[in-house]
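In what follows, a structure is listed as structure tokens, so that the remarks can point back to it.
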Amino acid sequence: MVPDMNPSLGTLEVAFLAIDFPDSPGSETQLDQIRTVADEVTEYFRVASGGRLHTNFRFGDQVFRVPKDSAIFGLQGSGGLGRDLTIEVVEAADPHIDFTGVHSLFMLIPETNTQIANDWHYPPHPGNTGPGVANGGEGTKTDVFSVMTDEGPIRAWEGNGYVFFRPDMIQNGGVAMFYVHETLHDIGISDLYRYGYQAADEIFATGPANLPMGEWAVMSHQNGNAREIIAWHRWLLGWLGDEQVYCRPSDSLTDVEVSMSPLTREEEGYKAAMIPVSDRKVIVVESRRAEGYSATAGDMAIGVDVDGVRKRAYLRDFGADGLLVYVYDTSVMDGSGQAWVQIPDGRPSEWAMATCPITDCMRPADLATARENPWLTWDPDNPDNILIEAHLDPLLRIGDSITVEGVTIELIEASESDRVRISK
């Protein structure tokens, strides 16, 4: 873990401001919105950390107007640092907000905005320092990109784009999950998706090919159907006690059975089994349930092979409860795939587009204009089908087993907890 990031234990101080622009005026409904989102973020971290991290929010009593149009900040496409925008927000709010001790600044745009598509975000950069005059006086070292307030520097900030107001995003956590994901960066956790990666044999550069953890981690797919903080990250953050992790290096492993409590539940017991296989690589086993922040896990689109053809199915067709097994390699560079879900034998294990009848995969209202839709990829082998993205199915259900790095994991009993056999 990088030292001197925002705290993962104790209290995280957050200023949360509603903002608007001349080209997209806001309203006082944003003031209610930020309090609702703050409550959702607070509850998420309470559950995930086991009460070890509390987010303490402070709010403004007005919508703060940025005096420049939102269109000039260059955020119409992909996200950016947005430091210039954050400076404008701080200048507008500083006379009204006490920023003393604030670790991070959240900013919420109006739902009517169409010029900030994705987000802007800057996490703490402890090594990016130069001489400065902050609260400590002459010579104090501070991040050269920090945004200064009357009370001292803001080291981290994040603001949402309009994509998080989309109905499908709202269904799976909406804008609150954006702030959860970025806050995890601020306290030292990296993404689990691959950055712009495309292999020669992959026909698309986004989607599941970039998600080696699929929808099974909030750092892989923040508005996915199983948006949990994986056990490895919880352990790094100090959110799992020693008594919650079963650990046995593979070179001392023979045969053991372990009872595991579902990760999403607030209850005692092992939340992970971790089998280190080298000084940089570990096998992690978690018990997953379609509950809590994974309540819609059954809605994941997965690929199944039928007579040699990849077709779309849903996780619920096979069962949305079971064991998740992944390998985490700490030597892998961020954005290159540190963690990979492991797929049992007999299931599709390579990413590929799934074929789906147009009548099943499009809303009835859109069928009439489907042929003119430039975003659809038609299946050359099935003229009435389109090719869609589908994830893989990694869950071990009762009786299933998988062998990874010479270690075999088997689910032998499933009820309120999972009984797991791990053998060499």
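Naming works like this for the structure tokens: A, B, ... for the chains as they're shown, residue 1 at the start of each chain, ligands 1 onward in shown order.
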Report the closest atom pair, with its distance in Å rounded to one decimal, for each residue of region 45-76 of chain A that has an atom no farther than 12 Å from region 94-98 of chain A; count only C-alpha atoms, sort by chain and then rising residue number, and write it as JSON lines.
```
{"residue": "A:Phe57", "atom": "CA", "partner": "A:Asp98", "partner_atom": "CA", "distance": 11.9}
{"residue": "A:Arg58", "atom": "CA", "partner": "A:Ile97", "partner_atom": "CA", "distance": 8.5}
{"residue": "A:Phe59", "atom": "CA", "partner": "A:Ile97", "partner_atom": "CA", "distance": 7.9}
{"residue": "A:Gly60", "atom": "CA", "partner": "A:Ile97", "partner_atom": "CA", "distance": 6.6}
{"residue": "A:Asp61", "atom": "CA", "partner": "A:His96", "partner_atom": "CA", "distance": 8.6}
{"residue": "A:Gln62", "atom": "CA", "partner": "A:His96", "partner_atom": "CA", "distance": 9.3}
{"residue": "A:Val63", "atom": "CA", "partner": "A:His96", "partner_atom": "CA", "distance": 11.3}
{"residue": "A:Phe64", "atom": "CA", "partner": "A:His96", "partner_atom": "CA", "distance": 9.8}
```
Take the residues that were just selected and, keeping N, CA, C and O atoms, output them as a compact mmCIF listing (two decimals), in the first residue's frame.
```txt
# COMPACT_ATOMS: atom_id res chain seq x y z
N PHE A 57 -19.39 13.86 6.49
CA PHE A 57 -19.63 14.83 5.43
C PHE A 57 -19.96 16.20 6.01
O PHE A 57 -20.65 16.32 7.03
N ARG A 58 -19.48 17.22 5.31
CA ARG A 58 -19.94 18.59 5.58
C ARG A 58 -20.48 19.16 4.26
O ARG A 58 -19.92 18.91 3.19
N PHE A 59 -21.58 19.90 4.36
CA PHE A 59 -22.30 20.37 3.18
C PHE A 59 -22.40 21.89 3.17
O PHE A 59 -22.29 22.54 4.20
N GLY A 60 -22.65 22.43 1.97
CA GLY A 60 -23.01 23.83 1.85
C GLY A 60 -24.52 23.98 1.89
O GLY A 60 -25.27 23.02 1.69
N ASP A 61 -24.99 25.19 2.13
CA ASP A 61 -26.44 25.44 2.18
C ASP A 61 -26.93 26.09 0.90
O ASP A 61 -28.00 26.70 0.86
N GLN A 62 -26.14 25.97 -0.17
CA GLN A 62 -26.52 26.54 -1.46
C GLN A 62 -25.87 25.76 -2.59
O GLN A 62 -24.95 24.96 -2.35
N VAL A 63 -26.37 25.97 -3.79
CA VAL A 63 -25.72 25.42 -4.97
C VAL A 63 -24.68 26.44 -5.42
O VAL A 63 -25.00 27.59 -5.69
N PHE A 64 -23.44 26.02 -5.48
CA PHE A 64 -22.35 26.96 -5.78
C PHE A 64 -22.17 27.08 -7.30
O PHE A 64 -21.98 26.08 -8.01
```
Query raised in the report: Quick one: of A:Phe73, A:Phe99, A:Tyr179, A:Trp157, who's nearest to Ala38 (chain A), counting only C-alpha atoms?
Result: A:Tyr179
Please, which residues in region 235-303 of chain A fall within 10 Å of region 349-364 of chain A when counting only C-alpha atoms, and what is the closest atom pair and distance in Å to one decimal for each, ordered by chain then residue number, as a tab-separated table?
```
residue	atom	partner	partner_atom	distance
A:Ala301	CA	A:Ala354	CA	9.6
A:Ile302	CA	A:Ala354	CA	8.6
A:Gly303	CA	A:Ala354	CA	6.1
```
Query raised in the report: From the list A:Ser78, A:Ser287, A:Thr42, A:Gln33, which residue is nearest Leu108 (chain A) when using only C-alpha atoms?
Result: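 When distances to Leu108 (chain A) are compared using only C-alpha atoms, the smallest one comes from A:Gln33.
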Report task. For each of A:Asp418, A:Glu28, A:Glu372, A:Glu182, take the minimum atom-to-atom distance to Ser104 (chain A), counting only C-alpha atoms, then give the residue where this is smallest. Result ->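 Using only C-alpha atoms, Ser104 (chain A) sits closest to A:Glu182.
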Hey, what's within 12 Å of Asp251 (chain A) if we count only C-alpha atoms and toss same-chain stuff fewer than 6 positions away? As a tab-separated table (two decimals) with all heavy atoms, in the first residue's frame, please?
```
chain	number	residue	atom	x	y	z
A	275	ILE	N	-4.40	-18.45	-0.30
A	275	ILE	CA	-3.34	-19.44	-0.47
A	275	ILE	C	-2.19	-18.79	-1.24
A	275	ILE	O	-2.21	-18.74	-2.48
A	275	ILE	CB	-3.85	-20.69	-1.22
A	275	ILE	CG1	-5.16	-21.19	-0.62
A	275	ILE	CG2	-2.78	-21.78	-1.22
A	275	ILE	CD1	-5.06	-21.63	0.83
A	276	PRO	N	-1.20	-18.24	-0.56
A	276	PRO	CA	-0.04	-17.69	-1.28
A	276	PRO	C	0.70	-18.81	-2.02
A	276	PRO	O	0.96	-19.87	-1.44
A	276	PRO	CB	0.83	-17.10	-0.16
A	276	PRO	CG	-0.10	-16.90	1.00
A	276	PRO	CD	-1.09	-18.00	0.90
A	277	VAL	N	0.99	-18.57	-3.30
A	277	VAL	CA	1.73	-19.56	-4.09
A	277	VAL	C	3.15	-19.06	-4.41
A	277	VAL	O	3.96	-19.83	-4.92
A	277	VAL	CB	0.97	-19.92	-5.38
A	277	VAL	CG1	-0.33	-20.61	-5.05
A	277	VAL	CG2	0.73	-18.70	-6.25
A	278	SER	N	3.42	-17.80	-4.14
A	278	SER	CA	4.77	-17.25	-4.28
A	278	SER	C	4.80	-15.97	-3.47
A	278	SER	O	3.81	-15.62	-2.81
A	278	SER	CB	5.10	-16.96	-5.75
A	278	SER	OG	4.39	-15.83	-6.22
A	279	ASP	N	5.92	-15.24	-3.53
A	279	ASP	CA	6.00	-13.99	-2.77
A	279	ASP	C	5.25	-12.85	-3.44
A	279	ASP	O	5.23	-11.73	-2.91
A	279	ASP	CB	7.47	-13.60	-2.53
A	279	ASP	CG	8.23	-13.35	-3.82
A	279	ASP	OD1	7.65	-13.60	-4.90
A	279	ASP	OD2	9.40	-12.93	-3.75
A	405	GLU	N	-2.91	-23.25	-10.04
A	405	GLU	CA	-1.55	-23.27	-9.53
A	405	GLU	C	-1.29	-24.51	-8.67
A	405	GLU	O	-0.59	-24.45	-7.65
A	405	GLU	CB	-1.26	-22.00	-8.72
A	405	GLU	CG	-1.43	-20.70	-9.49
A	405	GLU	CD	-0.20	-20.34	-10.32
A	405	GLU	OE1	0.84	-20.99	-10.13
A	405	GLU	OE2	-0.29	-19.41	-11.14
A	406	GLY	N	-1.87	-25.65	-9.06
A	406	GLY	CA	-1.68	-26.90	-8.32
A	406	GLY	C	-2.54	-27.03	-7.07
A	406	GLY	O	-2.42	-28.02	-6.34
A	407	VAL	N	-3.39	-26.05	-6.81
A	407	VAL	CA	-4.27	-26.07	-5.64
A	407	VAL	C	-5.70	-26.31	-6.10
A	407	VAL	O	-6.18	-25.61	-7.01
A	407	VAL	CB	-4.18	-24.75	-4.84
A	407	VAL	CG1	-5.18	-24.73	-3.69
A	407	VAL	CG2	-2.76	-24.53	-4.34
A	423	SER	N	-7.10	-28.40	-1.30
A	423	SER	CA	-6.09	-29.46	-1.25
A	423	SER	C	-5.00	-29.20	-2.27
A	423	SER	O	-5.20	-28.51	-3.28
A	423	SER	CB	-6.72	-30.83	-1.48
A	423	SER	OG	-7.44	-30.84	-2.71
A	424	LYS	N	-3.83	-29.80	-2.03
A	424	LYS	CA	-2.68	-29.65	-2.92
A	424	LYS	C	-2.60	-30.88	-3.81
A	424	LYS	O	-2.59	-32.01	-3.30
A	424	LYS	CB	-1.41	-29.48	-2.09
A	424	LYS	CG	-0.15	-29.22	-2.91
A	424	LYS	CD	-0.15	-27.79	-3.46
A	424	LYS	CE	1.17	-27.50	-4.14
A	424	LYS	NZ	2.29	-27.38	-3.21
```
**Report entry** Distance query Ala290 (chain A) at most 10 Å, only C-alpha atoms, self and fewer than 3 positions along chain excluded, as a count of residues only
**Finding:** 16
Query raised in the report: Running DSSP on the backbone, which parts of region 123-265 of chain A land in alpha helix (DSSP H), as a list of chain:residue names?
Result: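 Residues meeting the alpha helix (DSSP H) criterion: A:Pro167, A:Asp168, A:Met169, A:Ile170, A:Gln171, A:Gly174, A:Val175, A:Ala176, A:Met177, A:Phe178, A:Tyr179, A:Val180, A:His181, A:Glu182, A:Thr183, A:Leu184, A:His185, A:Asp186, A:Ala231, A:Trp232, A:His233, A:Arg234, A:Trp235, A:Leu236.
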Residues as selected, C-alpha atoms, written as an mmCIF file, in the first residue's frame, can you do that?
```cif
data_model
loop_
_atom_site.group_PDB
_atom_site.id
_atom_site.type_symbol
_atom_site.label_atom_id
_atom_site.label_comp_id
_atom_site.auth_asym_id
_atom_site.auth_seq_id
_atom_site.Cartn_x
_atom_site.Cartn_y
_atom_site.Cartn_z
ATOM 1 C CA PRO A 167 -31.479 4.876 -15.597
ATOM 2 C CA ASP A 168 -29.432 1.678 -15.956
ATOM 3 C CA MET A 169 -26.664 3.197 -13.822
ATOM 4 C CA ILE A 170 -29.138 4.370 -11.181
ATOM 5 C CA GLN A 171 -30.520 0.837 -10.959
ATOM 6 C CA GLY A 174 -25.950 5.351 -9.552
ATOM 7 C CA VAL A 175 -23.750 8.272 -8.651
ATOM 8 C CA ALA A 176 -23.081 6.980 -5.116
ATOM 9 C CA MET A 177 -21.044 4.098 -6.545
ATOM 10 C CA PHE A 178 -18.943 6.575 -8.508
ATOM 11 C CA TYR A 179 -17.934 8.283 -5.250
ATOM 12 C CA VAL A 180 -17.314 4.895 -3.601
ATOM 13 C CA HIS A 181 -15.018 3.786 -6.440
ATOM 14 C CA GLU A 182 -13.026 7.024 -6.510
ATOM 15 C CA THR A 183 -12.755 7.153 -2.718
ATOM 16 C CA LEU A 184 -11.183 3.705 -2.820
ATOM 17 C CA HIS A 185 -8.546 5.147 -5.152
ATOM 18 C CA ASP A 186 -8.036 7.978 -2.679
ATOM 19 C CA ALA A 231 -11.500 -9.626 0.186
ATOM 20 C CA TRP A 232 -7.905 -8.961 -0.916
ATOM 21 C CA HIS A 233 -8.546 -5.216 -1.002
ATOM 22 C CA ARG A 234 -10.409 -5.313 2.319
ATOM 23 C CA TRP A 235 -7.436 -7.075 3.867
ATOM 24 C CA LEU A 236 -4.994 -4.481 2.475
#
```
Identify, on the basis of only C-alpha atoms, every residue whose closest approach to Gly399 (chain A) does not exceed 12 Å; exclude the query and any residue fewer than 4 positions from it along the same chain; express the result as a compact mmCIF listing (two decimals) with all heavy atoms, in the first residue's frame.
```
# COMPACT_ATOMS: atom_id res chain seq x y z
N GLY A 322 -22.40 -18.93 -4.69
CA GLY A 322 -21.33 -19.89 -4.79
C GLY A 322 -19.99 -19.30 -4.40
O GLY A 322 -19.91 -18.23 -3.79
N LEU A 323 -18.94 -20.00 -4.77
CA LEU A 323 -17.58 -19.55 -4.47
C LEU A 323 -17.00 -18.80 -5.65
O LEU A 323 -17.14 -19.21 -6.80
CB LEU A 323 -16.67 -20.74 -4.17
CG LEU A 323 -16.96 -21.59 -2.94
CD1 LEU A 323 -15.93 -22.72 -2.85
CD2 LEU A 323 -16.96 -20.76 -1.67
N PRO A 344 -14.10 -22.60 -13.94
CA PRO A 344 -14.04 -24.07 -13.87
C PRO A 344 -14.04 -24.69 -15.26
O PRO A 344 -14.57 -24.12 -16.23
CB PRO A 344 -15.32 -24.44 -13.11
CG PRO A 344 -15.70 -23.20 -12.36
CD PRO A 344 -15.27 -22.06 -13.23
N LEU A 395 -18.53 -18.92 -10.93
CA LEU A 395 -18.98 -19.42 -9.63
C LEU A 395 -18.85 -20.93 -9.49
O LEU A 395 -19.28 -21.69 -10.37
CB LEU A 395 -20.44 -19.01 -9.38
CG LEU A 395 -20.72 -17.57 -8.99
CD1 LEU A 395 -22.19 -17.40 -8.65
CD2 LEU A 395 -19.86 -17.13 -7.80
N ILE A 409 -9.72 -26.31 -5.26
CA ILE A 409 -10.76 -25.74 -4.40
C ILE A 409 -12.08 -26.38 -4.78
O ILE A 409 -12.45 -26.41 -5.96
CB ILE A 409 -10.85 -24.20 -4.55
CG1 ILE A 409 -9.52 -23.55 -4.13
CG2 ILE A 409 -11.99 -23.64 -3.73
CD1 ILE A 409 -8.65 -23.13 -5.27
N GLU A 410 -12.83 -26.88 -3.80
CA GLU A 410 -14.09 -27.56 -4.07
C GLU A 410 -15.15 -27.10 -3.08
O GLU A 410 -14.88 -26.99 -1.87
CB GLU A 410 -13.90 -29.08 -3.95
CG GLU A 410 -15.17 -29.88 -4.22
CD GLU A 410 -14.98 -31.38 -4.02
OE1 GLU A 410 -13.88 -31.78 -3.59
OE2 GLU A 410 -15.93 -32.14 -4.29
N LEU A 411 -16.35 -26.83 -3.56
CA LEU A 411 -17.47 -26.49 -2.69
C LEU A 411 -18.20 -27.78 -2.34
O LEU A 411 -18.82 -28.41 -3.21
CB LEU A 411 -18.42 -25.51 -3.38
CG LEU A 411 -19.66 -25.09 -2.57
CD1 LEU A 411 -19.26 -24.46 -1.25
CD2 LEU A 411 -20.54 -24.14 -3.37
N ILE A 412 -18.11 -28.20 -1.09
CA ILE A 412 -18.68 -29.49 -0.71
C ILE A 412 -19.99 -29.37 0.05
O ILE A 412 -20.73 -30.35 0.18
CB ILE A 412 -17.66 -30.30 0.13
CG1 ILE A 412 -17.25 -29.54 1.38
CG2 ILE A 412 -16.44 -30.65 -0.72
CD1 ILE A 412 -16.30 -30.33 2.29
N GLU A 413 -20.30 -28.18 0.53
CA GLU A 413 -21.56 -27.99 1.25
C GLU A 413 -21.93 -26.52 1.19
O GLU A 413 -21.06 -25.65 1.33
CB GLU A 413 -21.41 -28.44 2.71
CG GLU A 413 -22.68 -28.39 3.52
CD GLU A 413 -22.46 -28.86 4.95
OE1 GLU A 413 -21.60 -29.74 5.17
OE2 GLU A 413 -23.14 -28.32 5.85
N ALA A 414 -23.20 -26.23 0.96
CA ALA A 414 -23.65 -24.84 0.87
C ALA A 414 -24.97 -24.67 1.59
O ALA A 414 -25.94 -25.38 1.30
CB ALA A 414 -23.80 -24.41 -0.59
N ASP A 418 -20.56 -21.56 3.44
CA ASP A 418 -20.03 -22.50 2.45
C ASP A 418 -18.92 -23.32 3.08
O ASP A 418 -18.01 -22.78 3.73
CB ASP A 418 -19.49 -21.75 1.23
CG ASP A 418 -20.60 -21.22 0.33
OD1 ASP A 418 -21.72 -21.75 0.41
OD2 ASP A 418 -20.34 -20.29 -0.44
N ARG A 419 -19.00 -24.62 2.87
CA ARG A 419 -17.92 -25.51 3.33
C ARG A 419 -17.02 -25.80 2.14
O ARG A 419 -17.47 -26.31 1.11
CB ARG A 419 -18.52 -26.82 3.88
CG ARG A 419 -17.49 -27.73 4.55
CD ARG A 419 -17.07 -27.16 5.88
NE ARG A 419 -16.15 -28.08 6.58
CZ ARG A 419 -15.47 -27.74 7.67
NH1 ARG A 419 -15.61 -26.52 8.18
NH2 ARG A 419 -14.66 -28.60 8.27
N VAL A 420 -15.75 -25.46 2.29
CA VAL A 420 -14.81 -25.49 1.18
C VAL A 420 -13.70 -26.48 1.49
O VAL A 420 -13.14 -26.46 2.60
CB VAL A 420 -14.21 -24.08 0.93
CG1 VAL A 420 -13.30 -24.10 -0.29
CG2 VAL A 420 -15.31 -23.03 0.80
N ARG A 421 -13.37 -27.33 0.53
CA ARG A 421 -12.20 -28.19 0.67
C ARG A 421 -11.08 -27.64 -0.20
O ARG A 421 -11.29 -27.35 -1.39
CB ARG A 421 -12.52 -29.63 0.26
CG ARG A 421 -11.27 -30.57 0.32
CD ARG A 421 -11.61 -31.99 -0.08
NE ARG A 421 -12.49 -32.62 0.88
CZ ARG A 421 -13.65 -33.21 0.58
NH1 ARG A 421 -14.06 -33.23 -0.68
NH2 ARG A 421 -14.38 -33.77 1.51
```
Report task. Fewer than 2 positions away in the same chain doesn't count, so skip those; otherwise give me all residues within 9 Å of Pro126 (chain A), counting only C-alpha atoms, as a list of chain:residue names. Result ->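 Once the adjacent positions are removed, what remains is A:Val2, A:Pro3, A:Asp4, A:Met5, A:Pro124, A:Asn128, A:Thr129, A:Thr142, A:Asp143.
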Query raised in the report: DSSP says strand (DSSP E) for which residues of region 140-203 of chain A? Put them as a ChimeraX atom specification?
Result: /A:140-143,147-149,152-154,157-160
Query raised in the report: Between A:Gly238, A:Gly224, A:Pro110, A:Gly152, which is the closest to Met300 (chain A) once you count only C-alpha atoms?
Result: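 Nearest to Met300 (chain A): A:Gly224.
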Query raised in the report: Quick one, how far is CA of Ala117 (chain A) from CA of Asp84 (chain A)?
Result: 16.6 Å
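The coordinates place CA of Glu111 (chain A) at 28.8 Å from CA of Asn210 (chain A).
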Query raised in the report: Got a sec: who's within 8 Å of Val147 (chain A), counting only C-alpha atoms, leaving out chain neighbours fewer than 5 positions off, as a PyMOL selection string?
Result: chain A and resi 83+86-87+90+153-155
